[in-house]
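Below: entry.json (JSON, C-alpha atoms)
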[["chain", "number", "residue", "atom", "x", "y", "z"],
["I", 208, "MET", "CA", 184.49, -37.05, 67.46],
["I", 209, "TRP", "CA", 184.10, -40.73, 66.64],
["I", 210, "LEU", "CA", 181.77, -42.14, 63.99],
["I", 211, "ARG", "CA", 180.88, -45.82, 63.83],
["I", 212, "VAL", "CA", 179.07, -47.23, 60.80],
["I", 213, "LEU", "CA", 176.69, -49.71, 62.42],
["I", 214, "GLY", "CA", 175.14, -50.71, 59.11],
["I", 215, "ALA", "CA", 176.26, -49.82, 55.60],
["I", 216, "ALA", "CA", 173.55, -51.37, 53.42],
["I", 217, "ALA", "CA", 170.28, -49.94, 52.18],
["I", 218, "GLY", "CA", 166.90, -51.38, 53.12],
["I", 219, "GLY", "CA", 166.90, -55.17, 53.08],
["I", 220, "GLY", "CA", 170.60, -55.47, 53.89],
["I", 221, "PHE", "CA", 173.19, -57.41, 51.92],
["I", 222, "PRO", "CA", 172.30, -60.03, 50.89],
["I", 223, "GLN", "CA", 168.60, -59.23, 50.80],
["I", 224, "TRP", "CA", 166.49, -62.18, 51.93],
["I", 225, "ASN", "CA", 164.35, -62.39, 48.77],
["I", 226, "CYS", "CA", 166.94, -61.42, 46.16],
["I", 227, "SER", "CA", 169.13, -63.58, 43.90],
["I", 228, "CYS", "CA", 170.80, -60.76, 41.96],
["I", 229, "PRO", "CA", 174.48, -61.30, 41.01],
["I", 230, "THR", "CA", 175.83, -59.52, 44.09],
["I", 231, "CYS", "CA", 173.53, -61.34, 46.53],
["I", 232, "ARG", "CA", 174.46, -64.67, 44.94],
["I", 233, "ALA", "CA", 178.15, -63.80, 45.19],
["I", 234, "VAL", "CA", 178.03, -63.05, 48.92],
["I", 235, "ARG", "CA", 175.93, -66.15, 49.67],
["I", 236, "GLU", "CA", 178.13, -68.47, 47.62],
["I", 237, "GLY", "CA", 181.44, -66.86, 48.51],
["I", 238, "SER", "CA", 182.26, -66.83, 44.79],
["I", 239, "ARG", "CA", 183.65, -63.28, 44.80],
["I", 240, "PRO", "CA", 185.27, -61.17, 47.53],
["I", 241, "CYS", "CA", 182.52, -59.27, 49.36],
["I", 242, "ARG", "CA", 181.15, -58.93, 52.89],
["I", 243, "PRO", "CA", 177.60, -59.03, 54.22],
["I", 244, "ARG", "CA", 176.20, -55.76, 55.55],
["I", 245, "THR", "CA", 173.28, -54.80, 57.77],
["I", 246, "GLN", "CA", 170.88, -51.93, 57.21],
["I", 247, "SER", "CA", 171.99, -48.32, 57.38],
["I", 248, "SER", "CA", 172.69, -46.66, 60.73],
["I", 249, "LEU", "CA", 175.45, -44.58, 62.33],
["I", 250, "ALA", "CA", 176.64, -43.99, 65.91],
["I", 251, "VAL", "CA", 178.47, -40.80, 66.97],
["I", 252, "SER", "CA", 180.23, -39.73, 70.17],
["I", 253, "VAL", "CA", 182.78, -37.17, 71.31],
["I", 254, "ASP", "CA", 183.93, -39.12, 74.37],
["I", 255, "ARG", "CA", 183.21, -42.79, 73.53],
["I", 256, "ARG", "CA", 180.97, -42.92, 76.61],
["I", 257, "ARG", "CA", 177.76, -41.25, 75.44],
["I", 258, "TRP", "CA", 176.56, -42.33, 72.01],
["I", 259, "PHE", "CA", 173.88, -41.01, 69.67],
["I", 260, "LEU", "CA", 172.29, -43.06, 66.88],
["I", 261, "LEU", "CA", 171.45, -41.67, 63.48],
["I", 262, "ASN", "CA", 168.53, -43.84, 62.41],
["I", 263, "ALA", "CA", 167.48, -47.10, 64.03],
["I", 264, "SER", "CA", 167.51, -49.94, 61.53],
["I", 265, "PRO", "CA", 165.68, -53.27, 61.89],
["I", 266, "ASP", "CA", 169.15, -54.74, 62.58],
["I", 267, "ILE", "CA", 169.78, -52.51, 65.60],
["I", 268, "ARG", "CA", 170.03, -55.33, 68.15],
["I", 269, "ALA", "CA", 172.77, -57.15, 66.21],
["I", 270, "GLN", "CA", 174.52, -53.84, 65.54],
["I", 271, "ILE", "CA", 174.61, -52.97, 69.24],
["I", 272, "GLU", "CA", 175.91, -56.43, 70.14],
["I", 273, "ALA", "CA", 178.66, -56.08, 67.53],
["I", 274, "PHE", "CA", 179.88, -52.81, 69.10],
["I", 275, "PRO", "CA", 181.03, -53.14, 72.74],
["I", 276, "ALA", "CA", 180.90, -49.37, 73.30],
["I", 277, "LEU", "CA", 177.09, -49.62, 73.08],
["I", 278, "HIS", "CA", 176.79, -52.49, 75.54],
["I", 279, "PRO", "CA", 174.93, -51.82, 78.82],
["I", 280, "ARG", "CA", 176.95, -51.05, 81.92],
["I", 281, "ASP", "CA", 175.56, -51.39, 85.46],
["I", 282, "GLY", "CA", 172.23, -53.18, 85.38],
["I", 283, "ARG", "CA", 170.37, -51.77, 82.39],
["I", 284, "ALA", "CA", 172.16, -48.44, 82.13],
["I", 285, "THR", "CA", 172.97, -47.84, 78.49],
["I", 286, "PRO", "CA", 175.39, -45.46, 76.75],
["I", 287, "LEU", "CA", 172.74, -44.80, 74.10],
["I", 288, "GLU", "CA", 171.53, -41.24, 74.69],
["I", 289, "ALA", "CA", 169.17, -40.51, 71.81],
["I", 290, "VAL", "CA", 168.17, -41.35, 68.24],
["I", 291, "LEU", "CA", 168.24, -38.80, 65.41],
["I", 292, "LEU", "CA", 166.11, -39.65, 62.37],
["I", 293, "THR", "CA", 166.80, -38.56, 58.80],
["I", 294, "ASP", "CA", 163.36, -39.68, 57.58],
["I", 295, "ALA", "CA", 160.48, -42.02, 58.37],
["I", 296, "GLU", "CA", 161.51, -44.92, 56.12],
["I", 297, "LEU", "CA", 160.97, -48.34, 57.71],
["I", 298, "ASP", "CA", 164.61, -49.32, 57.22],
["I", 299, "HIS", "CA", 165.55, -46.28, 59.34],
["I", 300, "THR", "CA", 162.85, -46.53, 62.01],
["I", 301, "LEU", "CA", 161.73, -50.12, 62.67],
["I", 302, "GLY", "CA", 164.64, -50.48, 65.08],
["I", 303, "LEU", "CA", 162.86, -48.03, 67.38],
["I", 304, "LEU", "CA", 160.48, -50.84, 68.30],
["I", 305, "LEU", "CA", 163.47, -52.96, 69.36],
["I", 306, "LEU", "CA", 164.46, -50.23, 71.83],
["I", 307, "ARG", "CA", 161.12, -50.49, 73.65],
["I", 308, "GLU", "CA", 162.70, -52.11, 76.73],
["I", 309, "GLY", "CA", 164.44, -48.83, 77.58],
["I", 310, "ARG", "CA", 163.18, -46.69, 80.43],
["I", 311, "ALA", "CA", 162.67, -43.83, 77.99],
["I", 312, "LEU", "CA", 163.79, -42.79, 74.53],
["I", 313, "GLU", "CA", 164.85, -39.34, 73.36],
["I", 314, "LEU", "CA", 163.91, -39.00, 69.71],
["I", 315, "HIS", "CA", 165.01, -36.16, 67.41],
["I", 316, "ALA", "CA", 162.80, -35.92, 64.32],
["I", 317, "THR", "CA", 161.16, -33.28, 62.18],
["I", 318, "PRO", "CA", 157.40, -32.70, 62.52],
["I", 319, "ALA", "CA", 156.92, -34.32, 59.09],
["I", 320, "VAL", "CA", 158.77, -37.47, 60.17],
["I", 321, "ARG", "CA", 156.90, -37.62, 63.47],
["I", 322, "GLU", "CA", 153.59, -37.20, 61.65],
["I", 323, "THR", "CA", 154.37, -40.16, 59.40],
["I", 324, "LEU", "CA", 155.51, -42.32, 62.32],
["I", 325, "CYS", "CA", 152.30, -41.56, 64.20],
["I", 326, "GLU", "CA", 149.64, -41.41, 61.50],
["I", 327, "GLY", "CA", 151.22, -43.41, 58.69],
["I", 328, "SER", "CA", 153.40, -46.37, 59.66],
["I", 329, "ALA", "CA", 152.29, -46.11, 63.34],
["I", 330, "VAL", "CA", 155.81, -47.07, 64.50],
["I", 331, "LEU", "CA", 155.88, -44.27, 67.05],
["I", 332, "THR", "CA", 152.29, -44.83, 68.15],
["I", 333, "THR", "CA", 153.14, -48.46, 68.88],
["I", 334, "LEU", "CA", 156.44, -47.64, 70.61],
["I", 335, "GLU", "CA", 154.78, -45.16, 72.96],
["I", 336, "ARG", "CA", 152.59, -47.97, 74.35],
["I", 337, "TYR", "CA", 155.74, -49.66, 75.67],
["I", 338, "CYS", "CA", 158.26, -46.89, 76.30],
["I", 339, "PRO", "CA", 158.01, -43.15, 77.09],
["I", 340, "VAL", "CA", 159.26, -41.15, 74.12],
["I", 341, "GLU", "CA", 160.58, -37.62, 74.50],
["I", 342, "TRP", "CA", 160.25, -35.96, 71.10],
["I", 343, "ARG", "CA", 162.77, -33.24, 70.26],
["I", 344, "PRO", "CA", 161.55, -31.35, 67.16],
["I", 345, "VAL", "CA", 164.24, -31.07, 64.51],
["I", 346, "VAL", "CA", 164.25, -27.67, 62.81],
["I", 347, "PRO", "CA", 166.40, -27.50, 59.67],
["I", 348, "GLY", "CA", 169.04, -24.78, 60.00],
["I", 349, "ALA", "CA", 168.96, -24.64, 63.79],
["I", 350, "ASP", "CA", 172.05, -25.57, 65.83],
["I", 351, "VAL", "CA", 171.28, -28.08, 68.58],
["I", 352, "SER", "CA", 173.64, -29.03, 71.40],
["I", 353, "LEU", "CA", 173.71, -32.67, 72.46],
["I", 354, "GLY", "CA", 176.08, -31.92, 75.33],
["I", 355, "ASP", "CA", 179.80, -32.44, 76.01],
["I", 356, "GLY", "CA", 180.78, -30.47, 72.94],
["I", 357, "LEU", "CA", 178.72, -32.32, 70.33],
["I", 358, "SER", "CA", 176.11, -30.46, 68.30],
["I", 359, "TYR", "CA", 174.18, -30.92, 65.09],
["I", 360, "ARG", "CA", 172.47, -28.88, 62.45],
["I", 361, "ALA", "CA", 169.87, -30.62, 60.31],
["I", 362, "PHE", "CA", 169.26, -29.48, 56.76],
["I", 363, "ASP", "CA", 166.35, -30.16, 54.44],
["I", 364, "VAL", "CA", 166.98, -32.62, 51.59],
["I", 365, "PRO", "CA", 164.29, -31.98, 48.96],
["I", 366, "THR", "CA", 162.80, -35.10, 47.40],
["I", 367, "THR", "CA", 160.14, -35.89, 44.83],
["I", 368, "LYS", "CA", 159.76, -39.45, 46.09],
["I", 369, "ARG", "CA", 156.13, -40.25, 46.75],
["I", 370, "THR", "CA", 155.15, -41.12, 50.28],
["I", 371, "ARG", "CA", 153.21, -44.30, 50.96],
["I", 372, "PHE", "CA", 151.10, -42.59, 53.60],
["I", 373, "GLY", "CA", 149.04, -40.00, 51.77],
["I", 374, "ARG", "CA", 149.60, -36.29, 52.14],
["I", 375, "VAL", "CA", 152.56, -35.44, 54.36],
["I", 376, "ARG", "CA", 154.05, -31.98, 54.75],
["I", 377, "GLU", "CA", 156.94, -31.56, 52.31],
["I", 378, "GLU", "CA", 159.48, -29.68, 54.42],
["I", 379, "GLY", "CA", 161.47, -32.00, 56.63],
["I", 380, "ARG", "CA", 160.41, -35.29, 55.00],
["I", 381, "VAL", "CA", 164.12, -36.02, 54.53],
["I", 382, "VAL", "CA", 166.99, -34.30, 56.29],
["I", 383, "GLY", "CA", 170.74, -34.67, 56.53],
["I", 384, "TYR", "CA", 172.82, -33.91, 59.62],
["I", 385, "ARG", "CA", 175.95, -31.84, 60.00],
["I", 386, "LEU", "CA", 177.62, -33.06, 63.21],
["I", 387, "THR", "CA", 180.17, -30.79, 64.88],
["I", 388, "ASP", "CA", 182.76, -31.36, 67.58],
["I", 389, "GLU", "CA", 182.61, -27.91, 69.14],
["I", 390, "ARG", "CA", 185.99, -28.35, 70.83],
["I", 391, "SER", "CA", 187.87, -28.69, 67.55],
["I", 392, "GLY", "CA", 185.34, -27.17, 65.18],
["I", 393, "ARG", "CA", 185.59, -30.21, 62.90],
["I", 394, "ALA", "CA", 182.42, -31.49, 61.29],
["I", 395, "ALA", "CA", 181.01, -34.57, 59.60],
["I", 396, "VAL", "CA", 177.94, -34.79, 57.38],
["I", 397, "TYR", "CA", 175.59, -37.78, 57.34],
["I", 398, "LEU", "CA", 173.53, -37.90, 54.16],
["I", 399, "PRO", "CA", 172.23, -41.43, 53.50],
["I", 400, "GLY", "CA", 169.51, -40.24, 51.14],
["I", 401, "VAL", "CA", 169.82, -37.46, 48.55],
["I", 402, "GLN", "CA", 168.23, -37.00, 45.15],
["I", 403, "GLU", "CA", 170.25, -34.01, 43.89],
["I", 404, "LEU", "CA", 173.49, -32.77, 45.44],
["I", 405, "SER", "CA", 172.99, -29.24, 44.12],
["I", 406, "THR", "CA", 170.23, -28.73, 46.68],
["I", 407, "VAL", "CA", 172.55, -29.45, 49.63],
["I", 408, "ARG", "CA", 175.97, -28.52, 48.26],
["I", 409, "GLU", "CA", 176.59, -25.64, 50.69],
["I", 410, "GLN", "CA", 176.06, -27.97, 53.66],
["I", 411, "LEU", "CA", 179.20, -29.89, 52.68],
["I", 412, "ASP", "CA", 181.56, -26.91, 52.92],
["I", 413, "ASP", "CA", 184.48, -27.38, 55.32],
["I", 414, "CYS", "CA", 183.36, -30.79, 56.56],
["I", 415, "ALA", "CA", 186.14, -33.25, 57.34],
["I", 416, "CYS", "CA", 184.09, -36.37, 56.62],
["I", 417, "LEU", "CA", 181.09, -37.03, 54.38],
["I", 418, "LEU", "CA", 179.01, -40.20, 54.65],
["I", 419, "VAL", "CA", 176.82, -40.06, 51.58],
["I", 420, "ASP", "CA", 174.11, -41.94, 49.70],
["I", 421, "GLY", "CA", 175.58, -44.77, 47.62],
["I", 422, "THR", "CA", 172.36, -46.66, 46.96],
["I", 423, "CYS", "CA", 172.70, -47.51, 43.26],
["I", 424, "TRP", "CA", 175.50, -47.46, 40.70],
["I", 425, "HIS", "CA", 173.20, -46.93, 37.70],
["I", 426, "ASP", "CA", 170.05, -44.82, 37.80],
["I", 427, "ASP", "CA", 168.12, -47.68, 36.12],
["I", 428, "GLU", "CA", 169.93, -50.44, 38.04],
["I", 429, "LEU", "CA", 166.83, -52.19, 39.39],
["I", 430, "ILE", "CA", 165.09, -51.93, 36.02],
["I", 431, "ARG", "CA", 168.08, -53.50, 34.23],
["I", 432, "LEU", "CA", 168.01, -56.42, 36.65],
["I", 433, "GLY", "CA", 164.26, -56.85, 36.30],
["I", 434, "LEU", "CA", 163.75, -56.28, 40.02],
["I", 435, "ALA", "CA", 161.67, -53.07, 40.04],
["I", 436, "GLY", "CA", 160.13, -50.50, 37.74],
["I", 437, "LYS", "CA", 161.60, -47.36, 39.32],
["I", 438, "THR", "CA", 164.88, -45.54, 38.84],
["I", 439, "ALA", "CA", 167.16, -44.62, 41.73],
["I", 440, "ARG", "CA", 166.10, -40.97, 41.46],
["I", 441, "GLU", "CA", 162.43, -41.93, 41.52],
["I", 442, "MET", "CA", 163.19, -43.69, 44.82],
["I", 443, "GLY", "CA", 164.87, -40.53, 46.16],
["I", 444, "HIS", "CA", 168.52, -41.47, 45.55],
["I", 445, "LEU", "CA", 171.22, -40.00, 43.32],
["I", 446, "PRO", "CA", 173.10, -42.73, 41.39],
["I", 447, "ILE", "CA", 176.87, -42.96, 41.65],
["I", 448, "ASP", "CA", 177.70, -43.31, 37.94],
["I", 449, "GLY", "CA", 177.21, -40.87, 35.10],
["I", 450, "PRO", "CA", 178.26, -37.31, 34.25],
["I", 451, "ASP", "CA", 175.84, -35.94, 36.85],
["I", 452, "GLY", "CA", 176.23, -38.81, 39.31],
["I", 453, "SER", "CA", 177.61, -38.48, 42.81],
["I", 454, "LEU", "CA", 181.08, -39.81, 41.97],
["I", 455, "GLU", "CA", 181.70, -37.11, 39.40],
["I", 456, "GLN", "CA", 180.35, -34.39, 41.69],
["I", 457, "LEU", "CA", 182.04, -35.45, 44.93],
["I", 458, "SER", "CA", 185.44, -36.87, 43.98],
["I", 459, "SER", "CA", 187.01, -33.44, 43.50],
["I", 460, "LEU", "CA", 185.70, -31.85, 46.70],
["I", 461, "PRO", "CA", 188.33, -30.98, 49.35],
["I", 462, "ILE", "CA", 186.94, -33.36, 51.97],
["I", 463, "GLU", "CA", 189.33, -35.61, 53.90],
["I", 464, "ARG", "CA", 187.12, -38.70, 53.81],
["I", 465, "ARG", "CA", 184.20, -39.32, 51.46],
["I", 466, "ILE", "CA", 182.42, -42.57, 52.24],
["I", 467, "TYR", "CA", 179.50, -44.25, 50.50],
["I", 468, "VAL", "CA", 176.84, -45.62, 52.86],
["I", 469, "HIS", "CA", 173.26, -46.89, 52.37],
["I", 470, "ILE", "CA", 174.43, -49.20, 49.56],
["I", 471, "ASN", "CA", 171.76, -51.29, 47.86],
["I", 472, "ASN", "CA", 172.27, -55.04, 47.56],
["I", 473, "THR", "CA", 172.34, -54.71, 43.74],
["I", 474, "ASN", "CA", 175.22, -52.21, 43.66],
["I", 475, "PRO", "CA", 178.40, -53.72, 42.15],
["I", 476, "ILE", "CA", 180.66, -51.60, 44.40],
["I", 477, "LEU", "CA", 179.89, -54.17, 47.11],
["I", 478, "LEU", "CA", 182.08, -56.61, 45.16],
["I", 479, "GLU", "CA", 185.68, -55.89, 46.10],
["I", 480, "ASP", "CA", 187.03, -57.07, 42.73],
["I", 481, "ALA", "CA", 184.47, -55.19, 40.60],
["I", 482, "PRO", "CA", 185.68, -52.52, 38.15],
["I", 483, "GLU", "CA", 183.07, -50.17, 39.63],
["I", 484, "ARG", "CA", 184.64, -50.61, 43.07],
["I", 485, "ARG", "CA", 188.10, -49.94, 41.67],
["I", 486, "LEU", "CA", 186.89, -46.79, 39.94],
["I", 487, "VAL", "CA", 185.33, -45.48, 43.16],
["I", 488, "GLU", "CA", 188.55, -46.03, 45.09],
["I", 489, "GLU", "CA", 190.70, -44.51, 42.35],
["I", 490, "ARG", "CA", 188.60, -41.35, 42.64],
["I", 491, "GLY", "CA", 189.32, -41.14, 46.37],
["I", 492, "MET", "CA", 185.97, -42.41, 47.62],
["I", 493, "GLU", "CA", 185.46, -45.21, 50.15],
["I", 494, "VAL", "CA", 182.84, -47.94, 50.39],
["I", 495, "ALA", "CA", 181.57, -48.38, 53.95],
["I", 496, "MET", "CA", 181.30, -51.72, 55.67],
["I", 497, "ASP", "CA", 179.72, -52.53, 58.99],
["I", 498, "GLY", "CA", 182.05, -51.63, 61.83],
["I", 499, "LEU", "CA", 183.98, -48.92, 60.00],
["I", 500, "GLU", "CA", 185.16, -46.31, 62.51],
["I", 501, "VAL", "CA", 186.24, -42.79, 61.64],
["I", 502, "ARG", "CA", 187.78, -40.26, 63.98],
["I", 503, "VAL", "CA", 187.04, -36.70, 62.89]]
For this file, write the structure as structure tokens.
Amino acid sequence: MWLRVLGAAAGGGFPQWNCSCPTCRAVREGSRPCRPRTQSSLAVSVDRRRWFLLNASPDIRAQIEAFPALHPRDGRATPLEAVLLTDAELDHTLGLLLLREGRALELHATPAVRETLCEGSAVLTTLERYCPVEWRPVVPGADVSLGDGLSYRAFDVPTTKRTRFGRVREEGRVVGYRLTDERSGRAAVYLPGVQELSTVREQLDDCACLLVDGTCWHDDELIRLGLAGKTAREMGHLPIDGPDGSLEQLSSLPIERRIYVHINNTNPILLEDAPERRLVEERGMEVAMDGLEVRV
């Protein structure tokens, strides 16, 4: 099974267009070693011919162009088979509108996510006016075959983050995916948003690769910088640092590769010479960049 990180940044990308925080200034000015990143998305395949997207970011067109395996073949035949959504956030779903030229789109999403995309943000309602959408309901805990030996099992990721779209059913608002190559039995977990690891810990057992939420270094990172009034946890993300942060909880797990994705533009681990980056790497964790490929 091959995994391709199409985008490693959180919403807004890196640098973010309206941000002059120290990390955004560094990447714009070239004053410290760091690389730009687009918004979070992943591609997975077991044969490098048929690919499945996990989330469709607003940067999806550039991400496809940067990855030849996703380029069209004869005419407008595309190797993109389906999109699997972890949630209904705009940075994970606006790219669906950029796929409207397709003949049809297979979309895997929970009923809660579909409800938000239809009645809240209206992304799906708009898309369906241009492109037929075949909705495949995602049921947490159910094994689903995608064909050719690739399967997934979604799992619920509880969150207290408030939705912008009124009352939405709680179960399935956010999910993670455990992807399995049925030929080898090896698995990878994609978890770009998680508030508490204790709620999903059993889903990580025996996985060979974990791509996990690395949004903020400090819980109050945006508050310290004067950029927002919410903590990382209030936004639905577990911070990396601290005695109960993700680094402390994950660095000792027997997982071959543990990779931070969905990294906010304010996070100092984006700076390759930062002490926070060095600490992450010393603990056996990796920091994803666009184009990172992992074979599981």
- Message: (179.2, -31.5, 70.9) in this file's frame - what residues fall within 10 Å of it? Use all atoms listed in the file and give the answer as a PyMOL selection string.
- Response: chain I and resi 208+252-254+351-359+386-392
- stretch 410-423 of chain I environment, 8 Å, all atoms listed in the file, sequence neighbours closer than 6 positions dropped, as JSON, numbers by chain: {"I": [217, 362, 385, 393, 394, 395, 396, 397, 398, 399, 400, 401, 439, 444, 445, 446, 447, 461, 462, 463, 464, 465, 466, 467, 468, 469, 470, 471, 473, 474, 503]}
- Quick one: everything within 12 Å of stretch 221-237 of chain I, counting only C-alpha atoms, minus sequence neighbours fewer than 4 positions away in the same chain. Send it as a ChimeraX atom specification. /I:214-217,241-247,266,422,428-429,431-435,469-481,496-497
- Shell around I:His315 at 8 Å using all atoms listed in the file, local window under 2 positions removed, as an NGL selection string: :I and (289-292 or 313 or 317 or 342-345)
- Task: Can you work out which one of I:Glu441, I:Glu272, I:Glu288, I:Glu483 has the shortest atom-to-atom distance to I:Thr366, counting all atoms listed in the file?
- Result: I:Glu441
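The space separating atom CA of I:Tyr337 from atom CA of I:Arg307 comes to 5.8 Å.
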- Do a neighbour search on I:Ser405 at 12 Å with all atoms listed in the file, toss out local chain neighbours closer than 6 positions, and write the hits as an NGL selection string. :I and (364-365 or 411 or 445 or 451-453 or 456-457)
- Message: Could you tell me how far atom CA of I:Leu261 sits from atom CA of I:His299, in Å to one decimal place?
- Response: 8.6 Å
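Taking all atoms listed in the file into account, the protein, DNA and RNA residues within 9 Å of (165.7, -47.4, 76.9) read I:Arg283, I:Ala284, I:Thr285, I:Leu287, I:Glu288, I:Leu306, I:Arg307, I:Glu308, I:Gly309, I:Arg310, I:Ala311, I:Leu312, I:Glu313, I:Cys338, I:Pro339.
For the pair atom CA of I:Arg268 and atom CA of I:Ala319, the separation is 26.4 Å.
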- Near I:Ser328, within 10 Å and counting all atoms listed in the file, which residues show up once chain neighbours fewer than 6 positions away are dropped, as number ranges by chain? I: 295-297, 300-301, 322, 371-372
